[in-house]
$ cat work-v5.pdb   # PDB, C-alpha atoms, pLDDT in the B column
ATOM      1  CA  MET A   1     -58.719  46.894 -95.810  1.00 85.00           C
ATOM      2  CA  LYS A   2     -61.693  44.664 -94.981  1.00 94.00           C
ATOM      3  CA  LEU A   3     -61.787  41.541 -92.848  1.00 97.00           C
ATOM      4  CA  GLN A   4     -62.417  39.423 -95.941  1.00 97.00           C
ATOM      5  CA  GLU A   5     -59.157  40.699 -97.406  1.00 97.00           C
ATOM      6  CA  ILE A   6     -57.359  39.560 -94.251  1.00 98.00           C
ATOM      7  CA  HIS A   7     -59.014  36.156 -94.608  1.00 98.00           C
ATOM      8  CA  ASN A   8     -57.922  35.869 -98.258  1.00 97.00           C
ATOM      9  CA  GLN A   9     -54.316  36.756 -97.426  1.00 97.00           C
ATOM     10  CA  LEU A  10     -54.182  34.306 -94.529  1.00 98.00           C
ATOM     11  CA  GLN A  11     -55.619  31.496 -96.622  1.00 98.00           C
ATOM     12  CA  GLU A  12     -52.960  32.096 -99.251  1.00 97.00           C
ATOM     13  CA  GLN A  13     -50.175  32.035 -96.661  1.00 96.00           C
ATOM     14  CA  LEU A  14     -51.485  28.862 -95.000  1.00 97.00           C
ATOM     15  CA  GLN A  15     -51.019  26.944 -98.236  1.00 95.00           C
ATOM     16  CA  ASN A  16     -47.265  27.144 -97.668  1.00 92.00           C
ATOM     17  CA  LEU A  17     -47.255  26.178 -93.984  1.00 96.00           C
ATOM     18  CA  SER A  18     -47.124  22.795 -92.277  1.00 94.00           C
ATOM     19  CA  GLY A  19     -49.004  22.098 -89.074  1.00 97.00           C
ATOM     20  CA  GLU A  20     -52.581  22.887 -88.092  1.00 98.00           C
ATOM     21  CA  TYR A  21     -53.907  26.433 -87.728  1.00 98.00           C
ATOM     22  CA  ALA A  22     -57.150  28.074 -86.695  1.00 98.00           C
ATOM     23  CA  TYR A  23     -58.291  31.640 -86.306  1.00 98.00           C
ATOM     24  CA  MET A  24     -61.313  33.767 -85.574  1.00 98.00           C
ATOM     25  CA  ILE A  25     -61.264  37.544 -85.996  1.00 98.00           C
ATOM     26  CA  SER A  26     -64.186  39.925 -85.649  1.00 98.00           C
ATOM     27  CA  GLU A  27     -65.277  43.521 -85.423  1.00 98.00           C
ATOM     28  CA  GLU A  28     -68.874  44.220 -84.394  1.00 95.00           C
ATOM     29  CA  GLU A  29     -71.070  41.828 -86.432  1.00 93.00           C
ATOM     30  CA  GLU A  30     -68.478  40.993 -89.103  1.00 97.00           C
ATOM     31  CA  SER A  31     -66.143  38.049 -88.612  1.00 98.00           C
ATOM     32  CA  ILE A  32     -63.793  35.704 -90.428  1.00 98.00           C
ATOM     33  CA  ALA A  33     -62.875  32.238 -89.263  1.00 98.00           C
ATOM     34  CA  TYR A  34     -60.876  29.175 -90.216  1.00 98.00           C
ATOM     35  CA  HIS A  35     -61.166  25.865 -88.338  1.00 98.00           C
ATOM     36  CA  ALA A  36     -62.751  27.851 -85.504  1.00 98.00           C
ATOM     37  CA  GLU A  37     -64.097  24.712 -83.798  1.00 98.00           C
ATOM     38  CA  MET A  38     -61.006  22.557 -84.285  1.00 98.00           C
ATOM     39  CA  ILE A  39     -59.753  21.256 -80.923  1.00 98.00           C
ATOM     40  CA  PHE A  40     -56.288  22.374 -79.809  1.00 98.00           C
ATOM     41  CA  PRO A  41     -54.229  21.812 -76.667  1.00 97.00           C
ATOM     42  CA  SER A  42     -54.938  25.006 -74.746  1.00 98.00           C
ATOM     43  CA  THR A  43     -51.502  25.373 -73.112  1.00 96.00           C
ATOM     44  CA  SER A  44     -51.485  28.661 -71.125  1.00 97.00           C
ATOM     45  CA  THR A  45     -54.581  30.029 -72.861  1.00 98.00           C
ATOM     46  CA  ILE A  46     -56.538  27.876 -70.383  1.00 97.00           C
ATOM     47  CA  GLY A  47     -55.848  30.829 -68.084  1.00 97.00           C
ATOM     48  CA  LEU A  48     -58.479  32.848 -69.934  1.00 98.00           C
ATOM     49  CA  PRO A  49     -61.478  30.615 -69.076  1.00 97.00           C
ATOM     50  CA  LEU A  50     -59.947  30.071 -65.616  1.00 97.00           C
ATOM     51  CA  LEU A  51     -59.980  33.844 -65.147  1.00 98.00           C
ATOM     52  CA  LEU A  52     -63.634  33.980 -66.184  1.00 97.00           C
ATOM     53  CA  GLU A  53     -64.556  31.064 -63.921  1.00 96.00           C
ATOM     54  CA  THR A  54     -62.808  32.607 -60.911  1.00 97.00           C
ATOM     55  CA  CYS A  55     -64.423  36.014 -61.418  1.00 97.00           C
ATOM     56  CA  HIS A  56     -67.804  34.333 -61.904  1.00 96.00           C
ATOM     57  CA  ARG A  57     -67.409  32.598 -58.534  1.00 95.00           C
ATOM     58  CA  CYS A  58     -66.404  35.921 -56.989  1.00 97.00           C
ATOM     59  CA  GLU A  59     -69.624  37.466 -58.238  1.00 97.00           C
ATOM     60  CA  GLN A  60     -71.517  34.545 -56.714  1.00 96.00           C
ATOM     61  CA  GLY A  61     -69.869  35.270 -53.356  1.00 97.00           C
ATOM     62  CA  LEU A  62     -67.939  31.987 -53.331  1.00 95.00           C
ATOM     63  CA  LEU A  63     -64.552  33.711 -53.657  1.00 96.00           C
ATOM     64  CA  HIS A  64     -63.186  37.241 -53.355  1.00 97.00           C
ATOM     65  CA  LEU A  65     -60.406  38.821 -55.397  1.00 97.00           C
ATOM     66  CA  ASN A  66     -58.845  40.288 -52.253  1.00 97.00           C
ATOM     67  CA  GLN A  67     -58.895  37.075 -50.241  1.00 97.00           C
ATOM     68  CA  MET A  68     -55.489  35.701 -49.293  1.00 98.00           C
ATOM     69  CA  VAL A  69     -54.560  32.262 -50.601  1.00 97.00           C
ATOM     70  CA  GLY A  70     -51.877  30.176 -48.934  1.00 95.00           C
ATOM     71  CA  PHE A  71     -49.876  27.490 -50.722  1.00 92.00           C
ATOM     72  CA  LYS A  72     -47.115  25.025 -49.910  1.00 88.00           C
ATOM     73  CA  ASP A  73     -43.752  24.460 -51.564  1.00 86.00           C
ATOM     74  CA  GLU A  74     -45.039  21.326 -53.309  1.00 84.00           C
ATOM     75  CA  CYS A  75     -47.367  23.570 -55.318  1.00 85.00           C
ATOM     76  CA  ARG A  76     -44.391  25.118 -57.084  1.00 89.00           C
ATOM     77  CA  VAL A  77     -43.627  23.879 -60.593  1.00 92.00           C
ATOM     78  CA  ASP A  78     -41.017  24.826 -63.157  1.00 89.00           C
ATOM     79  CA  GLY A  79     -41.845  26.479 -66.440  1.00 85.00           C
ATOM     80  CA  THR A  80     -42.892  30.015 -67.194  1.00 88.00           C
ATOM     81  CA  GLY A  81     -43.602  32.503 -64.440  1.00 89.00           C
ATOM     82  CA  VAL A  82     -41.848  33.788 -61.342  1.00 91.00           C
ATOM     83  CA  LEU A  83     -43.754  32.417 -58.361  1.00 91.00           C
ATOM     84  CA  HIS A  84     -41.728  29.199 -58.198  1.00 88.00           C
ATOM     85  CA  ALA A  85     -38.637  31.350 -57.531  1.00 87.00           C
ATOM     86  CA  LEU A  86     -40.144  33.698 -54.941  1.00 90.00           C
ATOM     87  CA  ASP A  87     -39.935  33.183 -51.189  1.00 86.00           C
ATOM     88  CA  VAL A  88     -43.656  33.682 -50.544  1.00 91.00           C
ATOM     89  CA  SER A  89     -46.422  31.336 -49.445  1.00 90.00           C
ATOM     90  CA  LEU A  90     -49.380  33.735 -49.312  1.00 96.00           C
ATOM     91  CA  LEU A  91     -50.816  35.940 -52.050  1.00 97.00           C
ATOM     92  CA  SER A  92     -54.144  37.535 -52.808  1.00 98.00           C
ATOM     93  CA  LEU A  93     -56.362  35.815 -55.337  1.00 98.00           C
ATOM     94  CA  ARG A  94     -56.085  38.943 -57.497  1.00 98.00           C
ATOM     95  CA  ASP A  95     -52.276  38.665 -57.522  1.00 98.00           C
ATOM     96  CA  LEU A  96     -52.410  34.965 -58.411  1.00 98.00           C
ATOM     97  CA  LEU A  97     -54.736  35.693 -61.330  1.00 98.00           C
ATOM     98  CA  THR A  98     -52.488  38.544 -62.445  1.00 98.00           C
ATOM     99  CA  LEU A  99     -49.440  36.257 -62.459  1.00 98.00           C
ATOM    100  CA  MET A 100     -51.386  33.581 -64.341  1.00 98.00           C
ATOM    101  CA  ILE A 101     -52.425  36.061 -67.024  1.00 98.00           C
ATOM    102  CA  THR A 102     -49.451  38.401 -67.373  1.00 97.00           C
ATOM    103  CA  VAL A 103     -46.502  35.979 -67.252  1.00 97.00           C
ATOM    104  CA  ASN A 104     -48.226  32.625 -67.846  1.00 96.00           C
ATOM    105  CA  ASP A 105     -47.187  31.625 -64.322  1.00 96.00           C
ATOM    106  CA  TYR A 106     -47.642  27.857 -64.087  1.00 96.00           C
ATOM    107  CA  THR A 107     -47.467  27.751 -60.293  1.00 96.00           C
ATOM    108  CA  ALA A 108     -50.118  30.457 -59.944  1.00 97.00           C
ATOM    109  CA  THR A 109     -52.276  28.669 -62.519  1.00 97.00           C
ATOM    110  CA  ASN A 110     -52.083  25.403 -60.574  1.00 96.00           C
ATOM    111  CA  ILE A 111     -53.023  27.165 -57.334  1.00 96.00           C
ATOM    112  CA  ILE A 112     -56.073  28.617 -59.101  1.00 96.00           C
ATOM    113  CA  ILE A 113     -56.958  25.151 -60.413  1.00 95.00           C
ATOM    114  CA  ASP A 114     -56.723  23.755 -56.870  1.00 93.00           C
ATOM    115  CA  LEU A 115     -58.884  26.594 -55.593  1.00 93.00           C
ATOM    116  CA  ILE A 116     -61.756  26.135 -58.022  1.00 90.00           C
ATOM    117  CA  LYS A 117     -61.399  22.318 -57.761  1.00 82.00           C
ATOM    118  CA  ALA A 118     -62.876  21.509 -61.185  1.00 72.00           C
ATOM    119  CA  SER A 119     -64.684  23.234 -63.976  1.00 73.00           C
ATOM    120  CA  ASP A 120     -66.200  22.346 -67.320  1.00 77.00           C
ATOM    121  CA  PHE A 121     -66.892  26.055 -67.917  1.00 91.00           C
ATOM    122  CA  GLN A 122     -70.576  25.315 -68.613  1.00 89.00           C
ATOM    123  CA  ALA A 123     -71.593  28.768 -67.428  1.00 92.00           C
ATOM    124  CA  PHE A 124     -69.931  30.253 -70.505  1.00 95.00           C
ATOM    125  CA  SER A 125     -71.415  27.911 -73.143  1.00 94.00           C
ATOM    126  CA  LEU A 126     -68.018  26.869 -74.490  1.00 95.00           C
ATOM    127  CA  LEU A 127     -67.777  24.132 -77.100  1.00 92.00           C
ATOM    128  CA  HIS A 128     -64.458  22.378 -76.632  1.00 96.00           C
ATOM    129  CA  THR A 129     -62.743  23.955 -73.613  1.00 97.00           C
ATOM    130  CA  TYR A 130     -61.995  21.463 -70.864  1.00 95.00           C
ATOM    131  CA  LEU A 131     -59.748  21.478 -67.815  1.00 95.00           C
ATOM    132  CA  ASN A 132     -58.214  18.002 -67.531  1.00 94.00           C
ATOM    133  CA  ARG A 133     -54.787  18.545 -65.977  1.00 94.00           C
ATOM    134  CA  LYS A 134     -52.520  20.934 -64.122  1.00 94.00           C
ATOM    135  CA  MET A 135     -49.675  22.813 -65.764  1.00 94.00           C
ATOM    136  CA  MET A 136     -46.460  20.799 -66.280  1.00 91.00           C
ATOM    137  CA  ASP A 137     -48.317  17.506 -65.772  1.00 93.00           C
ATOM    138  CA  PHE A 138     -46.853  15.767 -68.792  1.00 91.00           C
ATOM    139  CA  GLU A 139     -47.909  12.352 -67.517  1.00 94.00           C
ATOM    140  CA  GLN A 140     -51.554  13.337 -67.975  1.00 94.00           C
ATOM    141  CA  ILE A 141     -50.751  14.556 -71.478  1.00 93.00           C
ATOM    142  CA  ARG A 142     -49.199  11.167 -72.296  1.00 94.00           C
ATOM    143  CA  ARG A 143     -52.393   9.548 -71.037  1.00 95.00           C
ATOM    144  CA  GLY A 144     -54.445  11.707 -73.381  1.00 94.00           C
ATOM    145  CA  ASN A 145     -55.820  13.980 -70.650  1.00 94.00           C
ATOM    146  CA  ASP A 146     -54.845  17.400 -71.923  1.00 96.00           C
ATOM    147  CA  ASN A 147     -56.538  20.762 -71.478  1.00 96.00           C
ATOM    148  CA  THR A 148     -58.294  21.746 -74.690  1.00 97.00           C
ATOM    149  CA  THR A 149     -59.895  24.717 -76.366  1.00 98.00           C
ATOM    150  CA  CYS A 150     -60.784  26.097 -79.798  1.00 98.00           C
ATOM    151  CA  ALA A 151     -60.645  29.478 -81.496  1.00 98.00           C
ATOM    152  CA  ALA A 152     -64.404  30.005 -81.222  1.00 98.00           C
ATOM    153  CA  ASP A 153     -64.320  29.406 -77.453  1.00 98.00           C
ATOM    154  CA  LEU A 154     -61.484  31.826 -76.760  1.00 98.00           C
ATOM    155  CA  HIS A 155     -63.126  34.415 -79.018  1.00 98.00           C
ATOM    156  CA  HIS A 156     -66.319  34.040 -76.979  1.00 98.00           C
ATOM    157  CA  CYS A 157     -64.361  34.465 -73.725  1.00 98.00           C
ATOM    158  CA  LEU A 158     -62.846  37.708 -74.986  1.00 98.00           C
ATOM    159  CA  LYS A 159     -66.251  39.096 -75.901  1.00 97.00           C
ATOM    160  CA  LEU A 160     -67.635  38.160 -72.465  1.00 97.00           C
ATOM    161  CA  ILE A 161     -64.889  40.260 -70.900  1.00 97.00           C
ATOM    162  CA  LYS A 162     -65.361  43.314 -73.080  1.00 93.00           C
ATOM    163  CA  GLU A 163     -68.945  43.429 -74.303  1.00 90.00           C
ATOM    164  CA  ALA A 164     -71.484  41.054 -72.820  1.00 79.00           C
ATOM    165  CA  ASP A 165     -73.601  41.621 -69.711  1.00 91.00           C
ATOM    166  CA  PHE A 166     -72.619  38.285 -68.159  1.00 95.00           C
ATOM    167  CA  PHE A 167     -70.162  39.978 -65.762  1.00 97.00           C
ATOM    168  CA  ASN A 168     -70.615  43.182 -63.795  1.00 96.00           C
ATOM    169  CA  LYS A 169     -68.556  46.253 -64.650  1.00 96.00           C
ATOM    170  CA  SER A 170     -66.101  45.724 -61.807  1.00 96.00           C
ATOM    171  CA  SER A 171     -65.253  42.178 -62.900  1.00 97.00           C
ATOM    172  CA  LYS A 172     -64.868  43.179 -66.530  1.00 97.00           C
ATOM    173  CA  ARG A 173     -62.624  46.067 -65.559  1.00 97.00           C
ATOM    174  CA  SER A 174     -60.408  43.788 -63.424  1.00 97.00           C
ATOM    175  CA  MET A 175     -60.091  41.115 -66.115  1.00 98.00           C
ATOM    176  CA  LEU A 176     -59.366  43.599 -68.871  1.00 98.00           C
ATOM    177  CA  HIS A 177     -56.738  45.307 -66.710  1.00 98.00           C
ATOM    178  CA  MET A 178     -54.925  41.995 -66.193  1.00 98.00           C
ATOM    179  CA  LEU A 179     -54.916  41.208 -69.906  1.00 98.00           C
ATOM    180  CA  LYS A 180     -53.519  44.658 -70.676  1.00 97.00           C
ATOM    181  CA  GLN A 181     -50.542  43.927 -68.404  1.00 97.00           C
ATOM    182  CA  GLN A 182     -49.547  40.885 -70.504  1.00 96.00           C
ATOM    183  CA  GLN A 183     -45.765  40.668 -70.746  1.00 95.00           C
ATOM    184  CA  PHE A 184     -45.589  38.347 -73.765  1.00 95.00           C
ATOM    185  CA  LYS A 185     -46.284  40.611 -76.725  1.00 95.00           C
ATOM    186  CA  ASN A 186     -44.095  38.957 -79.338  1.00 97.00           C
ATOM    187  CA  LYS A 187     -46.963  37.492 -81.349  1.00 98.00           C
ATOM    188  CA  LEU A 188     -50.207  39.305 -82.257  1.00 98.00           C
ATOM    189  CA  PRO A 189     -49.072  42.708 -80.855  1.00 97.00           C
ATOM    190  CA  HIS A 190     -45.536  42.441 -82.303  1.00 97.00           C
ATOM    191  CA  PHE A 191     -46.054  44.816 -85.237  1.00 94.00           C
ATOM    192  CA  MET A 192     -48.812  46.912 -83.692  1.00 93.00           C
ATOM    193  CA  LYS A 193     -48.061  50.590 -83.237  1.00 81.00           C
ATOM    194  CA  GLN A 194     -47.746  51.355 -79.528  1.00 80.00           C
ATOM    195  CA  GLY A 195     -49.916  54.210 -78.348  1.00 84.00           C
ATOM    196  CA  CYS A 196     -52.349  53.785 -81.234  1.00 91.00           C
ATOM    197  CA  ILE A 197     -53.767  50.353 -80.470  1.00 95.00           C
ATOM    198  CA  ASP A 198     -54.730  49.281 -76.957  1.00 96.00           C
ATOM    199  CA  VAL A 199     -53.699  45.631 -76.483  1.00 97.00           C
ATOM    200  CA  ALA A 200     -55.154  43.078 -74.036  1.00 98.00           C
ATOM    201  CA  ASN A 201     -53.948  39.575 -74.872  1.00 98.00           C
ATOM    202  CA  LYS A 202     -53.253  36.055 -73.572  1.00 98.00           C
ATOM    203  CA  THR A 203     -50.655  33.739 -75.050  1.00 98.00           C
ATOM    204  CA  GLY A 204     -49.815  30.072 -74.891  1.00 97.00           C
ATOM    205  CA  GLN A 205     -46.999  27.862 -76.111  1.00 96.00           C
ATOM    206  CA  LEU A 206     -45.363  24.453 -75.851  1.00 95.00           C
ATOM    207  CA  VAL A 207     -43.122  22.549 -78.227  1.00 96.00           C
ATOM    208  CA  GLY A 208     -44.986  22.483 -81.550  1.00 98.00           C
ATOM    209  CA  ILE A 209     -47.726  24.817 -80.291  1.00 98.00           C
ATOM    210  CA  GLU A 210     -48.103  28.612 -80.489  1.00 98.00           C
ATOM    211  CA  HIS A 211     -51.261  30.529 -79.518  1.00 98.00           C
ATOM    212  CA  ASP A 212     -52.311  34.111 -78.990  1.00 98.00           C
ATOM    213  CA  CYS A 213     -55.665  35.796 -78.503  1.00 98.00           C
ATOM    214  CA  GLY A 214     -56.604  39.326 -77.621  1.00 98.00           C
ATOM    215  CA  ILE A 215     -58.741  42.430 -77.669  1.00 98.00           C
ATOM    216  CA  PHE A 216     -57.366  45.249 -79.814  1.00 98.00           C
ATOM    217  CA  THR A 217     -58.911  48.699 -79.487  1.00 97.00           C
ATOM    218  CA  CYS A 218     -58.234  51.763 -81.581  1.00 96.00           C
ATOM    219  CA  GLY A 219     -60.437  54.727 -80.707  1.00 94.00           C
ATOM    220  CA  GLU A 220     -64.032  53.525 -80.873  1.00 95.00           C
ATOM    221  CA  ARG A 221     -63.158  50.362 -82.802  1.00 96.00           C
ATOM    222  CA  THR A 222     -62.488  46.968 -81.223  1.00 97.00           C
ATOM    223  CA  VAL A 223     -61.195  43.817 -82.910  1.00 98.00           C
ATOM    224  CA  TYR A 224     -61.249  40.398 -81.236  1.00 98.00           C
ATOM    225  CA  ALA A 225     -58.673  37.953 -82.553  1.00 98.00           C
ATOM    226  CA  VAL A 226     -57.680  34.372 -81.788  1.00 98.00           C
ATOM    227  CA  VAL A 227     -54.948  32.448 -83.612  1.00 98.00           C
ATOM    228  CA  LEU A 228     -54.056  28.871 -82.658  1.00 98.00           C
ATOM    229  CA  SER A 229     -51.451  26.496 -84.071  1.00 98.00           C
ATOM    230  CA  LYS A 230     -50.291  22.953 -83.356  1.00 98.00           C
ATOM    231  CA  ASP A 231     -48.207  20.135 -84.853  1.00 98.00           C
ATOM    232  CA  LEU A 232     -45.573  22.678 -85.844  1.00 98.00           C
ATOM    233  CA  SER A 233     -42.237  21.334 -87.084  1.00 97.00           C
ATOM    234  CA  CYS A 234     -40.754  24.638 -85.907  1.00 97.00           C
ATOM    235  CA  ASN A 235     -42.347  26.955 -83.347  1.00 98.00           C
ATOM    236  CA  ASP A 236     -41.021  29.977 -85.198  1.00 97.00           C
ATOM    237  CA  ASP A 237     -43.399  29.162 -88.074  1.00 97.00           C
ATOM    238  CA  GLY A 238     -46.364  29.571 -85.737  1.00 98.00           C
ATOM    239  CA  ILE A 239     -44.949  32.735 -84.180  1.00 98.00           C
ATOM    240  CA  HIS A 240     -44.334  34.319 -87.595  1.00 98.00           C
ATOM    241  CA  PHE A 241     -47.827  33.465 -88.822  1.00 98.00           C
ATOM    242  CA  ILE A 242     -49.426  34.939 -85.696  1.00 98.00           C
ATOM    243  CA  GLN A 243     -47.251  38.037 -86.054  1.00 98.00           C
ATOM    244  CA  HIS A 244     -48.455  38.385 -89.641  1.00 98.00           C
ATOM    245  CA  VAL A 245     -52.069  38.228 -88.460  1.00 98.00           C
ATOM    246  CA  GLY A 246     -51.275  41.010 -85.994  1.00 98.00           C
ATOM    247  CA  ARG A 247     -49.671  43.081 -88.748  1.00 97.00           C
ATOM    248  CA  LEU A 248     -52.833  42.761 -90.861  1.00 97.00           C
ATOM    249  CA  ILE A 249     -55.030  43.743 -87.897  1.00 97.00           C
ATOM    250  CA  ASN A 250     -52.811  46.781 -87.367  1.00 96.00           C
ATOM    251  CA  GLU A 251     -53.316  47.824 -91.006  1.00 95.00           C
ATOM    252  CA  TYR A 252     -57.040  47.106 -90.740  1.00 96.00           C
ATOM    253  CA  LEU A 253     -57.404  49.397 -87.713  1.00 95.00           C
ATOM    254  CA  LYS A 254     -55.462  52.316 -89.209  1.00 84.00           C
TER     255      LYS A 254
END
$ encode --input "work-v5.pdb" --output "structure tokens"
Amino acid sequence: MKLQEIHNQLQEQLQNLSGEYAYMISEEEESIAYHAEMIFPSTSTIGLPLLLETCHRCEQGLLHLNQMVGFKDECRVDGTGVLHALDVSLLSLRDLLTLMITVNDYTATNIIIDLIKASDFQAFSLLHTYLNRKMMDFEQIRRGNDNTTCAADLHHCLKLIKEADFFNKSSKRSMLHMLKQQQFKNKLPHFMKQGCIDVANKTGQLVGIEHDCGIFTCGERTVYAVVLSKDLSCNDDGIHFIQHVGRLINEYLK
């Protein structure tokens, strides 16, 4: 199977789906894309550029992964994650990032947002990724101030973690390790054969929105994949489409 065959199959399936979809999938210099620069609400995938931004500041000496970060009860928010239910008020920056990535922890994400203050992610040359609100701040969403991203931006973030020389080896190793501990593997990795394909992914979801993006390695081969969806009448439609993309990647890497 070639990437173009995956593209053809996905285009055929999209004709029968409602909602908006985008994807970008690549191996080495070959890539396929659909609506790669279309703007989507980022939901929890904003954690990926936040991870890059935090590690970038660590390399600059402004932060340190092992520094302890204190937070108050008012920082806790409902939603995904576990930190809002734990009786702790002090964690290392590394642990906060790990919670943000592995279980989409909204409280940990908001603490990271408070720590870095603000970011337009200019250091990473992203097109449409902006941090405009904290997690669970639905009032800002109603005002039109949502966090945004696009498939091309998340694809670029993944490649910065795995391939590029932007980060040092230690930072890349730490970020990749966190992504490999992802607990939500019901989308792109769902049909991937465990033990054959190494998975490092980051998900996102809200009502009407389903996202997944990741780095998939089999031996010496690495595929980068991003699939975004919005305006879904049923979230299961987005989940099933993303799972199908993962199934095709699994066949491609065999």
$ resolve_selection --input "work-v5.pdb" --expression "the PyMOL selection byres ((chain A and resi 20) around 7)" --output "list in words"
Ser18, Gly19, Tyr21, Ser229, Lys230 and Asp231 of chain A
$ write_last_selection --input "work-v5.pdb" --atoms "C-alpha atoms" --output "PDB file, in the frame of the given file"
ATOM      1  CA  SER A  18     -47.124  22.795 -92.277  1.00 94.00           C
ATOM      2  CA  GLY A  19     -49.004  22.098 -89.074  1.00 97.00           C
ATOM      3  CA  TYR A  21     -53.907  26.433 -87.728  1.00 98.00           C
ATOM      4  CA  SER A 229     -51.451  26.496 -84.071  1.00 98.00           C
ATOM      5  CA  LYS A 230     -50.291  22.953 -83.356  1.00 98.00           C
ATOM      6  CA  ASP A 231     -48.207  20.135 -84.853  1.00 98.00           C
TER       7      ASP A 231
END
$ resolve_selection --input "work-v5.pdb" --expression "the PyMOL selection byres ((chain A and resi 149) around 8)" --output "list in words"
Ile39, Phe40, Pro41, Ser42, Ile46, Leu127, His128, Thr129, Tyr130, Asn147, Thr148, Cys150, Ala151, Asp153 and Leu154 of chain A
$ closest_residue --input "work-v5.pdb" --among "A:Ala152, A:Leu63, A:Ser92, A:Ile197" --to "A:Met38" --atoms "all atoms listed in the file"
A:Ala152
$ residues_around --input "work-v5.pdb" --residues "stretch 11-16 of chain A" --least-positions-apart "5" --cutoff "10 Å" --atoms "all atoms listed in the file" --output "ChimeraX atom specification"
/A:5-6,21,34,241,244
$ resolve_selection --input "work-v5.pdb" --expression "the PyMOL selection byres ((chain A and resi 57) around 12)" --output "list of chain:residue names"
A:Leu50, A:Leu51, A:Leu52, A:Glu53, A:Thr54, A:Cys55, A:His56, A:Cys58, A:Glu59, A:Gln60, A:Gly61, A:Leu62, A:Leu63, A:His64, A:Leu65, A:Leu93, A:Leu115, A:Ile116, A:Lys117, A:Ser119, A:Phe121, A:Ala123, A:Phe167, A:Ser171
$ build_atoms --input "work-v5.pdb" --residues "stretch 97-102 of chain A" --atoms "all heavy atoms" --output "CSV table (one decimal), in the coordinates of the input"
chain,number,residue,atom,x,y,z
A,97,LEU,N,-54.1,35.6,-60.0
A,97,LEU,CA,-54.7,35.7,-61.3
A,97,LEU,C,-53.9,36.6,-62.2
A,97,LEU,O,-53.7,36.3,-63.4
A,97,LEU,CB,-56.1,36.3,-61.2
A,97,LEU,CG,-57.2,35.4,-60.6
A,97,LEU,CD1,-58.5,36.2,-60.4
A,97,LEU,CD2,-57.5,34.2,-61.5
A,98,THR,N,-53.3,37.6,-61.7
A,98,THR,CA,-52.5,38.5,-62.4
A,98,THR,C,-51.2,37.8,-62.9
A,98,THR,O,-50.8,38.0,-64.1
A,98,THR,CB,-52.1,39.8,-61.6
A,98,THR,OG1,-53.3,40.5,-61.2
A,98,THR,CG2,-51.2,40.7,-62.4
A,99,LEU,N,-50.6,37.0,-62.1
A,99,LEU,CA,-49.4,36.3,-62.5
A,99,LEU,C,-49.8,35.2,-63.5
A,99,LEU,O,-49.0,35.0,-64.5
A,99,LEU,CB,-48.8,35.6,-61.2
A,99,LEU,CG,-48.1,36.4,-60.3
A,99,LEU,CD1,-47.8,35.7,-59.0
A,99,LEU,CD2,-46.8,37.0,-60.9
A,100,MET,N,-50.9,34.6,-63.4
A,100,MET,CA,-51.4,33.6,-64.3
A,100,MET,C,-51.6,34.2,-65.7
A,100,MET,O,-51.2,33.6,-66.7
A,100,MET,CB,-52.7,32.9,-63.9
A,100,MET,CG,-53.3,31.9,-64.9
A,100,MET,SD,-54.9,31.2,-64.3
A,100,MET,CE,-56.0,32.6,-64.5
A,101,ILE,N,-52.1,35.4,-65.7
A,101,ILE,CA,-52.4,36.1,-67.0
A,101,ILE,C,-51.2,36.7,-67.6
A,101,ILE,O,-50.9,36.6,-68.8
A,101,ILE,CB,-53.6,37.1,-66.9
A,101,ILE,CG1,-54.9,36.4,-66.5
A,101,ILE,CG2,-53.7,37.9,-68.1
A,101,ILE,CD1,-55.4,35.4,-67.5
A,102,THR,N,-50.5,37.5,-66.8
A,102,THR,CA,-49.5,38.4,-67.4
A,102,THR,C,-48.1,37.7,-67.7
A,102,THR,O,-47.5,38.1,-68.7
A,102,THR,CB,-49.2,39.6,-66.4
A,102,THR,OG1,-48.7,39.0,-65.2
A,102,THR,CG2,-50.4,40.4,-66.1
